[in-house]
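Everything below belongs to protein22.pdb, which stores PDB, C-alpha atoms, pLDDT in the B column.
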ATOM      1  CA  MET A   1     -80.092-189.129   4.179  1.00 90.00           C
ATOM      2  CA  LYS A   2     -83.112-186.885   3.640  1.00 93.00           C
ATOM      3  CA  LEU A   3     -81.971-184.840   0.614  1.00 95.00           C
ATOM      4  CA  SER A   4     -79.606-185.238  -2.328  1.00 96.00           C
ATOM      5  CA  ILE A   5     -78.790-182.048  -4.222  1.00 96.00           C
ATOM      6  CA  ILE A   6     -77.813-182.824  -7.819  1.00 96.00           C
ATOM      7  CA  ILE A   7     -75.451-180.239  -9.377  1.00 97.00           C
ATOM      8  CA  PRO A   8     -74.114-180.628 -12.944  1.00 97.00           C
ATOM      9  CA  ILE A   9     -70.794-178.883 -13.557  1.00 96.00           C
ATOM     10  CA  TYR A  10     -69.537-177.590 -16.882  1.00 96.00           C
ATOM     11  CA  ASN A  11     -66.704-175.053 -16.809  1.00 96.00           C
ATOM     12  CA  GLY A  12     -68.008-173.691 -13.517  1.00 95.00           C
ATOM     13  CA  VAL A  13     -64.850-172.457 -11.794  1.00 96.00           C
ATOM     14  CA  SER A  14     -65.994-168.830 -11.571  1.00 94.00           C
ATOM     15  CA  PHE A  15     -69.156-169.849  -9.673  1.00 94.00           C
ATOM     16  CA  PHE A  16     -67.769-172.265  -7.071  1.00 96.00           C
ATOM     17  CA  GLU A  17     -66.960-169.761  -4.327  1.00 94.00           C
ATOM     18  CA  LYS A  18     -70.512-168.351  -4.126  1.00 93.00           C
ATOM     19  CA  LEU A  19     -72.149-171.757  -4.659  1.00 95.00           C
ATOM     20  CA  ILE A  20     -70.184-173.502  -1.891  1.00 96.00           C
ATOM     21  CA  LYS A  21     -70.587-170.554   0.473  1.00 95.00           C
ATOM     22  CA  SER A  22     -74.380-170.624   0.013  1.00 94.00           C
ATOM     23  CA  ILE A  23     -74.544-174.418   0.525  1.00 96.00           C
ATOM     24  CA  ASN A  24     -72.392-174.227   3.667  1.00 96.00           C
ATOM     25  CA  ALA A  25     -74.860-171.698   5.108  1.00 96.00           C
ATOM     26  CA  PHE A  26     -77.916-174.003   4.843  1.00 96.00           C
ATOM     27  CA  THR A  27     -79.946-174.296   8.038  1.00 96.00           C
ATOM     28  CA  PHE A  28     -81.126-177.737   6.866  1.00 96.00           C
ATOM     29  CA  THR A  29     -78.281-180.199   7.454  1.00 96.00           C
ATOM     30  CA  ASP A  30     -79.493-183.690   6.441  1.00 97.00           C
ATOM     31  CA  PHE A  31     -78.266-183.554   2.846  1.00 97.00           C
ATOM     32  CA  GLU A  32     -75.519-184.474   0.437  1.00 98.00           C
ATOM     33  CA  CYS A  33     -74.385-182.719  -2.723  1.00 98.00           C
ATOM     34  CA  VAL A  34     -73.751-184.787  -5.835  1.00 98.00           C
ATOM     35  CA  PHE A  35     -71.568-182.842  -8.261  1.00 98.00           C
ATOM     36  CA  ILE A  36     -71.308-184.257 -11.783  1.00 98.00           C
ATOM     37  CA  ASP A  37     -68.607-182.959 -14.102  1.00 97.00           C
ATOM     38  CA  ASN A  38     -69.946-182.943 -17.642  1.00 94.00           C
ATOM     39  CA  ASN A  39     -66.820-182.800 -19.832  1.00 93.00           C
ATOM     40  CA  SER A  40     -65.486-179.503 -18.509  1.00 95.00           C
ATOM     41  CA  THR A  41     -62.658-178.111 -20.617  1.00 95.00           C
ATOM     42  CA  ASP A  42     -61.223-175.986 -17.810  1.00 96.00           C
ATOM     43  CA  ASN A  43     -59.897-177.123 -14.427  1.00 96.00           C
ATOM     44  CA  SER A  44     -63.362-177.340 -12.837  1.00 97.00           C
ATOM     45  CA  VAL A  45     -62.800-180.629 -11.015  1.00 97.00           C
ATOM     46  CA  ILE A  46     -59.486-179.530  -9.475  1.00 97.00           C
ATOM     47  CA  GLU A  47     -60.960-176.197  -8.373  1.00 97.00           C
ATOM     48  CA  LEU A  48     -64.143-177.860  -7.071  1.00 97.00           C
ATOM     49  CA  GLU A  49     -62.048-180.258  -4.967  1.00 97.00           C
ATOM     50  CA  LYS A  50     -60.175-177.244  -3.523  1.00 97.00           C
ATOM     51  CA  ALA A  51     -63.435-175.400  -2.806  1.00 96.00           C
ATOM     52  CA  LEU A  52     -64.844-178.440  -0.994  1.00 97.00           C
ATOM     53  CA  GLN A  53     -61.859-178.979   1.332  1.00 96.00           C
ATOM     54  CA  ASN A  54     -63.437-177.326   4.387  1.00 94.00           C
ATOM     55  CA  VAL A  55     -67.155-177.839   3.825  1.00 96.00           C
ATOM     56  CA  THR A  56     -69.546-179.044   6.510  1.00 92.00           C
ATOM     57  CA  PHE A  57     -71.643-181.272   4.239  1.00 96.00           C
ATOM     58  CA  ASP A  58     -71.251-184.661   2.539  1.00 97.00           C
ATOM     59  CA  PHE A  59     -70.529-184.704  -1.190  1.00 98.00           C
ATOM     60  CA  LEU A  60     -69.647-186.859  -4.175  1.00 97.00           C
ATOM     61  CA  ILE A  61     -67.898-185.824  -7.378  1.00 98.00           C
ATOM     62  CA  LEU A  62     -68.903-187.906 -10.386  1.00 98.00           C
ATOM     63  CA  PHE A  63     -68.156-187.781 -14.103  1.00 97.00           C
ATOM     64  CA  GLU A  64     -70.534-188.079 -17.056  1.00 94.00           C
ATOM     65  CA  ALA A  65     -69.105-188.563 -20.562  1.00 91.00           C
ATOM     66  CA  LYS A  66     -72.358-187.871 -22.438  1.00 88.00           C
ATOM     67  CA  GLN A  67     -72.740-184.140 -22.967  1.00 85.00           C
ATOM     68  CA  GLY A  68     -75.668-182.272 -21.444  1.00 90.00           C
ATOM     69  CA  ALA A  69     -77.015-181.273 -18.054  1.00 92.00           C
ATOM     70  CA  GLY A  70     -79.818-183.850 -18.335  1.00 92.00           C
ATOM     71  CA  GLN A  71     -77.338-186.697 -18.736  1.00 94.00           C
ATOM     72  CA  ALA A  72     -75.305-185.371 -15.813  1.00 95.00           C
ATOM     73  CA  ARG A  73     -78.416-185.104 -13.622  1.00 95.00           C
ATOM     74  CA  ASN A  74     -79.407-188.693 -14.476  1.00 93.00           C
ATOM     75  CA  THR A  75     -75.943-189.884 -13.426  1.00 95.00           C
ATOM     76  CA  GLY A  76     -76.320-187.968 -10.162  1.00 96.00           C
ATOM     77  CA  ILE A  77     -79.774-189.415  -9.505  1.00 94.00           C
ATOM     78  CA  LYS A  78     -78.426-192.951  -9.867  1.00 95.00           C
ATOM     79  CA  LYS A  79     -75.816-192.372  -7.144  1.00 96.00           C
ATOM     80  CA  ALA A  80     -77.917-190.153  -4.858  1.00 96.00           C
ATOM     81  CA  LYS A  81     -78.739-191.513  -1.410  1.00 96.00           C
ATOM     82  CA  GLY A  82     -81.422-189.017  -0.407  1.00 95.00           C
ATOM     83  CA  GLU A  83     -85.106-189.694   0.038  1.00 92.00           C
ATOM     84  CA  PHE A  84     -85.736-186.400  -1.786  1.00 91.00           C
ATOM     85  CA  LEU A  85     -83.970-184.849  -4.779  1.00 92.00           C
ATOM     86  CA  ALA A  86     -83.218-181.216  -5.546  1.00 93.00           C
ATOM     87  CA  PHE A  87     -81.604-179.826  -8.668  1.00 92.00           C
ATOM     88  CA  LEU A  88     -79.268-176.841  -8.835  1.00 93.00           C
ATOM     89  CA  ASP A  89     -76.853-175.525 -11.408  1.00 92.00           C
ATOM     90  CA  CYS A  90     -73.334-174.472 -10.498  1.00 92.00           C
ATOM     91  CA  ASP A  91     -74.170-170.788 -10.999  1.00 90.00           C
ATOM     92  CA  ASP A  92     -77.030-170.914  -8.432  1.00 88.00           C
ATOM     93  CA  ILE A  93     -76.990-169.524  -4.937  1.00 86.00           C
ATOM     94  CA  ILE A  94     -79.675-170.531  -2.459  1.00 86.00           C
ATOM     95  CA  LEU A  95     -81.060-168.775   0.587  1.00 88.00           C
ATOM     96  CA  PRO A  96     -79.861-170.517   3.776  1.00 93.00           C
ATOM     97  CA  GLU A  97     -83.365-171.458   4.979  1.00 93.00           C
ATOM     98  CA  LYS A  98     -84.786-172.598   1.609  1.00 90.00           C
ATOM     99  CA  PHE A  99     -84.641-176.377   2.180  1.00 93.00           C
ATOM    100  CA  ALA A 100     -85.669-176.143   5.851  1.00 93.00           C
ATOM    101  CA  TYR A 101     -88.744-174.243   4.654  1.00 90.00           C
ATOM    102  CA  ASP A 102     -89.413-176.792   1.886  1.00 88.00           C
ATOM    103  CA  PHE A 103     -89.309-179.681   4.340  1.00 90.00           C
ATOM    104  CA  SER A 104     -91.621-177.867   6.745  1.00 88.00           C
ATOM    105  CA  ILE A 105     -94.155-177.722   3.880  1.00 85.00           C
ATOM    106  CA  LEU A 106     -93.619-181.403   3.030  1.00 85.00           C
ATOM    107  CA  GLU A 107     -94.137-182.406   6.666  1.00 86.00           C
ATOM    108  CA  LYS A 108     -97.204-180.206   7.181  1.00 85.00           C
ATOM    109  CA  HIS A 109     -99.017-181.052   3.933  1.00 81.00           C
ATOM    110  CA  ASP A 110     -99.551-184.230   1.953  1.00 77.00           C
ATOM    111  CA  VAL A 111     -97.558-183.146  -1.104  1.00 76.00           C
ATOM    112  CA  ASP A 112     -94.938-184.867  -3.237  1.00 75.00           C
ATOM    113  CA  PHE A 113     -92.913-181.891  -4.402  1.00 77.00           C
ATOM    114  CA  VAL A 114     -92.195-178.232  -3.720  1.00 80.00           C
ATOM    115  CA  PHE A 115     -90.958-175.590  -6.129  1.00 76.00           C
ATOM    116  CA  CYS A 116     -90.450-171.839  -5.957  1.00 74.00           C
ATOM    117  CA  ARG A 117     -89.777-168.698  -7.869  1.00 71.00           C
ATOM    118  CA  SER A 118     -86.235-167.613  -8.571  1.00 75.00           C
ATOM    119  CA  GLU A 119     -84.409-164.356  -9.006  1.00 77.00           C
ATOM    120  CA  ARG A 120     -81.569-163.717 -11.442  1.00 77.00           C
ATOM    121  CA  PHE A 121     -78.756-161.319 -10.597  1.00 76.00           C
ATOM    122  CA  TYR A 122     -76.741-159.814 -13.431  1.00 78.00           C
ATOM    123  CA  ASP A 123     -73.241-158.342 -13.334  1.00 81.00           C
ATOM    124  CA  ASP A 124     -74.602-154.960 -14.434  1.00 88.00           C
ATOM    125  CA  GLY A 125     -76.764-154.754 -11.277  1.00 85.00           C
ATOM    126  CA  ARG A 126     -80.094-155.810 -12.777  1.00 84.00           C
ATOM    127  CA  ASN A 127     -82.285-158.340 -10.960  1.00 81.00           C
ATOM    128  CA  LEU A 128     -85.025-160.301 -12.663  1.00 78.00           C
ATOM    129  CA  LYS A 129     -87.631-162.161 -10.633  1.00 77.00           C
ATOM    130  CA  ASN A 130     -89.014-165.170 -12.475  1.00 69.00           C
ATOM    131  CA  PRO A 131     -92.697-165.506 -11.734  1.00 61.00           C
ATOM    132  CA  ILE A 132     -94.505-168.793 -11.879  1.00 65.00           C
ATOM    133  CA  THR A 133     -97.649-168.091 -13.874  1.00 67.00           C
ATOM    134  CA  GLY A 134    -100.847-170.092 -13.742  1.00 66.00           C
ATOM    135  CA  ILE A 135    -100.130-171.566 -10.314  1.00 62.00           C
ATOM    136  CA  LYS A 136    -101.244-169.855  -7.136  1.00 61.00           C
ATOM    137  CA  GLU A 137     -99.042-169.707  -4.082  1.00 61.00           C
ATOM    138  CA  GLY A 138     -99.864-172.458  -1.623  1.00 61.00           C
ATOM    139  CA  ILE A 139    -100.988-176.035  -2.070  1.00 56.00           C
ATOM    140  CA  ASN A 140    -102.264-176.758  -5.595  1.00 55.00           C
ATOM    141  CA  ASN A 141    -103.919-179.762  -7.157  1.00 57.00           C
ATOM    142  CA  PRO A 142    -101.649-181.571  -9.613  1.00 52.00           C
ATOM    143  CA  PRO A 143    -102.434-181.413 -13.333  1.00 47.00           C
ATOM    144  CA  THR A 144    -104.776-184.083 -14.612  1.00 43.00           C
ATOM    145  CA  SER A 145    -102.369-185.084 -17.373  1.00 38.00           C
ATOM    146  CA  GLY A 146     -98.747-184.421 -18.170  1.00 37.00           C
ATOM    147  CA  ILE A 147     -95.940-183.290 -15.945  1.00 39.00           C
ATOM    148  CA  ILE A 148     -95.127-179.775 -14.828  1.00 38.00           C
ATOM    149  CA  VAL A 149     -91.542-179.067 -15.828  1.00 38.00           C
ATOM    150  CA  VAL A 150     -89.928-176.429 -13.677  1.00 38.00           C
ATOM    151  CA  ALA A 151     -86.666-175.008 -14.922  1.00 37.00           C
ATOM    152  CA  GLU A 152     -85.841-173.403 -11.590  1.00 41.00           C
ATOM    153  CA  PHE A 153     -85.475-174.817  -8.091  1.00 48.00           C
ATOM    154  CA  PHE A 154     -87.330-178.043  -7.542  1.00 52.00           C
ATOM    155  CA  LEU A 155     -87.521-180.527  -4.696  1.00 57.00           C
ATOM    156  CA  ALA A 156     -89.248-183.875  -5.229  1.00 59.00           C
ATOM    157  CA  SER A 157     -89.496-187.201  -3.473  1.00 58.00           C
ATOM    158  CA  ARG A 158     -87.683-190.052  -5.202  1.00 55.00           C
ATOM    159  CA  SER A 159     -90.953-192.001  -5.376  1.00 56.00           C
ATOM    160  CA  TRP A 160     -92.710-189.122  -7.157  1.00 52.00           C
ATOM    161  CA  PHE A 161     -89.792-188.738  -9.528  1.00 53.00           C
ATOM    162  CA  PHE A 162     -89.688-192.374 -10.559  1.00 52.00           C
ATOM    163  CA  ASN A 163     -93.481-192.896 -10.707  1.00 50.00           C
ATOM    164  CA  CYS A 164     -94.243-190.110 -13.201  1.00 45.00           C
TER     165      CYS A 164
END

I need this file expressed as structure tokens, please.
Amino acid sequence: MKLSIIIPIYNGVSFFEKLIKSINAFTFTDFECVFIDNNSTDNSVIELEKALQNVTFDFLILFEAKQGAGQARNTGIKKAKGEFLAFLDCDDIILPEKFAYDFSILEKHDVDFVFCRSERFYDDGRNLKNPITGIKEGINNPPTSGIIVVAEFFLASRSWFFNC
């Protein structure tokens, strides 16, 4: 398995249709999704199971009792089988070619992770592009100290993740 996509779930029923539709459309196919329910108070797990009935990808549904997306992601990481990890939230939708493009960069360049800008879509029609400031597009040298924390889409090798 090349990629494990870690997706915490908390009361996410209203997002499942778009999320699953976007994942099913991926052009990159060597992946699994690891969904982690994080104490949802609605029927998220039941609705997620329904939404996943006809998908074309492998998946796991896990449970994390400790509250918080970080705890849920850690649970997902422990069970993930992929060589690389990606993190999404249940209200995310991804362009179909995003991971195929990421892996083309990883194969072409000697890099350990890839990240990108994101765009937010609001119910009132507004869109907000989230720029990444201070980092130029292309291949960049890593920081000399500390870790770059990216709150948006992020793809990293397991070895990079566990050696930081």

Residues selected by the PyMOL selection byres ((chain A and resi 88) around 9), written as a PyMOL selection string: chain A and resi 5-8+86-87+89-94+152-154

Take the PyMOL selection byres ((chain A and resi 60) around 7), run it mentally on this structure, and tell me the resulting residues as a PDB file with C-alpha atoms, keeping the file's coordinate frame.
ATOM      1  CA  CYS A  33     -74.385-182.719  -2.723  1.00 98.00           C
ATOM      2  CA  VAL A  34     -73.751-184.787  -5.835  1.00 98.00           C
ATOM      3  CA  PHE A  35     -71.568-182.842  -8.261  1.00 98.00           C
ATOM      4  CA  PHE A  59     -70.529-184.704  -1.190  1.00 98.00           C
ATOM      5  CA  ILE A  61     -67.898-185.824  -7.378  1.00 98.00           C
ATOM      6  CA  LEU A  62     -68.903-187.906 -10.386  1.00 98.00           C
TER       7      LEU A  62
END

Expand the PyMOL selection byres ((chain A and resi 16) around 9) into the explicit residue set it covers here, and present it as number ranges by chain. A: 12-15, 17-21, 44, 47-48, 51, 90-91

Residues near Phe99 of chain A, anyone? I mean within 8 Å using all atoms listed in the file, not counting same-chain ones fewer than 5 positions away, as a list in words. Phe26, Thr27 and Phe28 of chain A

Closest atom pairs, segment 18-86 of chain A residues within 12 Å of segment 105-124 of chain A, all atoms listed in the file, as a tab-separated table:
residue	atom	partner	partner_atom	distance
A:Glu83	CA	A:Asp112	CA	11.4
A:Phe84	CA	A:Phe113	CA	8.9
A:Leu85	CA	A:Phe113	CA	9.4
A:Ala86	CA	A:Phe115	CA	9.6

Could you give me the axis-aligned bounding box of segment 15-34 of chain A, with 8 Å of padding per side, as centre plus edge lengths in Å to one decimal, as lines of an AutoDock Vina configuration file?
center_x = -74.0
center_y = -176.6
center_z = -0.8
size_x = 30.2
size_y = 32.4
size_z = 33.7

Write out as an mmCIF file with C-alpha atoms, keeping the file's coordinate frame the residues lying within 8 Å of segment 38-40 of chain A, counting only C-alpha atoms and excluding same-chain residues fewer than 3 positions away.
data_model
loop_
_atom_site.group_PDB
_atom_site.id
_atom_site.type_symbol
_atom_site.label_atom_id
_atom_site.label_comp_id
_atom_site.auth_asym_id
_atom_site.auth_seq_id
_atom_site.Cartn_x
_atom_site.Cartn_y
_atom_site.Cartn_z
ATOM 1 C CA PRO A 8 -74.114 -180.628 -12.944
ATOM 2 C CA ILE A 9 -70.794 -178.883 -13.557
ATOM 3 C CA TYR A 10 -69.537 -177.590 -16.882
ATOM 4 C CA ASN A 11 -66.704 -175.053 -16.809
ATOM 5 C CA ASN A 43 -59.897 -177.123 -14.427
ATOM 6 C CA SER A 44 -63.362 -177.340 -12.837
ATOM 7 C CA PHE A 63 -68.156 -187.781 -14.103
ATOM 8 C CA GLU A 64 -70.534 -188.079 -17.056
ATOM 9 C CA ALA A 65 -69.105 -188.563 -20.562
ATOM 10 C CA LYS A 66 -72.358 -187.871 -22.438
ATOM 11 C CA GLN A 67 -72.740 -184.140 -22.967
ATOM 12 C CA GLY A 68 -75.668 -182.272 -21.444
ATOM 13 C CA ALA A 69 -77.015 -181.273 -18.054
ATOM 14 C CA ALA A 72 -75.305 -185.371 -15.813
#

Residues near Glu97 of chain A, anyone? I mean within 12 Å using all atoms listed in the file, not counting same-chain ones fewer than 5 positions away, as a ChimeraX atom specification. /A:22-29,102-104

Have segment 51-66 of chain A completed to N, CA, C and O atoms, please, and pass it along as a PDB file, in the frame of the given file.
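Result file is selection_12.pdb:
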ATOM      1  N   ALA A  51     -62.338-176.145  -3.441  1.00 96.00           N
ATOM      2  CA  ALA A  51     -63.435-175.400  -2.806  1.00 96.00           C
ATOM      3  C   ALA A  51     -64.161-176.233  -1.754  1.00 96.00           C
ATOM      4  O   ALA A  51     -64.740-175.694  -0.819  1.00 96.00           O
ATOM      5  N   LEU A  52     -64.119-177.545  -1.905  1.00 97.00           N
ATOM      6  CA  LEU A  52     -64.844-178.440  -0.994  1.00 97.00           C
ATOM      7  C   LEU A  52     -63.999-178.919   0.190  1.00 97.00           C
ATOM      8  O   LEU A  52     -64.491-179.672   1.030  1.00 97.00           O
ATOM      9  N   GLN A  53     -62.759-178.474   0.296  1.00 96.00           N
ATOM     10  CA  GLN A  53     -61.859-178.979   1.332  1.00 96.00           C
ATOM     11  C   GLN A  53     -62.362-178.751   2.754  1.00 96.00           C
ATOM     12  O   GLN A  53     -62.136-179.588   3.618  1.00 96.00           O
ATOM     13  N   ASN A  54     -63.031-177.646   3.019  1.00 94.00           N
ATOM     14  CA  ASN A  54     -63.437-177.326   4.387  1.00 94.00           C
ATOM     15  C   ASN A  54     -64.946-177.225   4.561  1.00 94.00           C
ATOM     16  O   ASN A  54     -65.421-176.511   5.441  1.00 94.00           O
ATOM     17  N   VAL A  55     -65.702-177.936   3.736  1.00 96.00           N
ATOM     18  CA  VAL A  55     -67.155-177.839   3.825  1.00 96.00           C
ATOM     19  C   VAL A  55     -67.685-178.657   5.000  1.00 96.00           C
ATOM     20  O   VAL A  55     -67.003-179.549   5.523  1.00 96.00           O
ATOM     21  N   THR A  56     -68.915-178.362   5.381  1.00 92.00           N
ATOM     22  CA  THR A  56     -69.546-179.044   6.510  1.00 92.00           C
ATOM     23  C   THR A  56     -70.594-180.055   6.052  1.00 92.00           C
ATOM     24  O   THR A  56     -71.349-180.562   6.864  1.00 92.00           O
ATOM     25  N   PHE A  57     -70.640-180.353   4.778  1.00 96.00           N
ATOM     26  CA  PHE A  57     -71.643-181.272   4.239  1.00 96.00           C
ATOM     27  C   PHE A  57     -70.977-182.420   3.481  1.00 96.00           C
ATOM     28  O   PHE A  57     -69.820-182.326   3.074  1.00 96.00           O
ATOM     29  N   ASP A  58     -71.729-183.510   3.313  1.00 97.00           N
ATOM     30  CA  ASP A  58     -71.251-184.661   2.539  1.00 97.00           C
ATOM     31  C   ASP A  58     -71.373-184.368   1.045  1.00 97.00           C
ATOM     32  O   ASP A  58     -72.305-183.675   0.617  1.00 97.00           O
ATOM     33  N   PHE A  59     -70.467-184.921   0.252  1.00 98.00           N
ATOM     34  CA  PHE A  59     -70.529-184.704  -1.190  1.00 98.00           C
ATOM     35  C   PHE A  59     -69.887-185.850  -1.939  1.00 98.00           C
ATOM     36  O   PHE A  59     -69.090-186.620  -1.393  1.00 98.00           O
ATOM     37  N   LEU A  60     -70.264-185.952  -3.204  1.00 97.00           N
ATOM     38  CA  LEU A  60     -69.647-186.859  -4.175  1.00 97.00           C
ATOM     39  C   LEU A  60     -69.285-186.033  -5.393  1.00 97.00           C
ATOM     40  O   LEU A  60     -69.989-185.078  -5.734  1.00 97.00           O
ATOM     41  N   ILE A  61     -68.215-186.411  -6.076  1.00 98.00           N
ATOM     42  CA  ILE A  61     -67.898-185.824  -7.378  1.00 98.00           C
ATOM     43  C   ILE A  61     -67.892-186.973  -8.380  1.00 98.00           C
ATOM     44  O   ILE A  61     -67.144-187.940  -8.224  1.00 98.00           O
ATOM     45  N   LEU A  62     -68.759-186.872  -9.357  1.00 98.00           N
ATOM     46  CA  LEU A  62     -68.903-187.906 -10.386  1.00 98.00           C
ATOM     47  C   LEU A  62     -68.549-187.325 -11.746  1.00 98.00           C
ATOM     48  O   LEU A  62     -68.407-186.115 -11.899  1.00 98.00           O
ATOM     49  N   PHE A  63     -68.477-188.196 -12.734  1.00 97.00           N
ATOM     50  CA  PHE A  63     -68.156-187.781 -14.103  1.00 97.00           C
ATOM     51  C   PHE A  63     -69.174-188.393 -15.058  1.00 97.00           C
ATOM     52  O   PHE A  63     -69.560-189.540 -14.903  1.00 97.00           O
ATOM     53  N   GLU A  64     -69.608-187.604 -16.035  1.00 94.00           N
ATOM     54  CA  GLU A  64     -70.534-188.079 -17.056  1.00 94.00           C
ATOM     55  C   GLU A  64     -69.955-187.736 -18.422  1.00 94.00           C
ATOM     56  O   GLU A  64     -69.713-186.561 -18.715  1.00 94.00           O
ATOM     57  N   ALA A  65     -69.712-188.761 -19.248  1.00 91.00           N
ATOM     58  CA  ALA A  65     -69.105-188.563 -20.562  1.00 91.00           C
ATOM     59  C   ALA A  65     -70.086-188.008 -21.590  1.00 91.00           C
ATOM     60  O   ALA A  65     -69.701-187.261 -22.488  1.00 91.00           O
ATOM     61  N   LYS A  66     -71.370-188.365 -21.476  1.00 88.00           N
ATOM     62  CA  LYS A  66     -72.358-187.871 -22.438  1.00 88.00           C
ATOM     63  C   LYS A  66     -72.662-186.408 -22.124  1.00 88.00           C
ATOM     64  O   LYS A  66     -72.975-186.059 -20.995  1.00 88.00           O
TER      65      LYS A  66
END
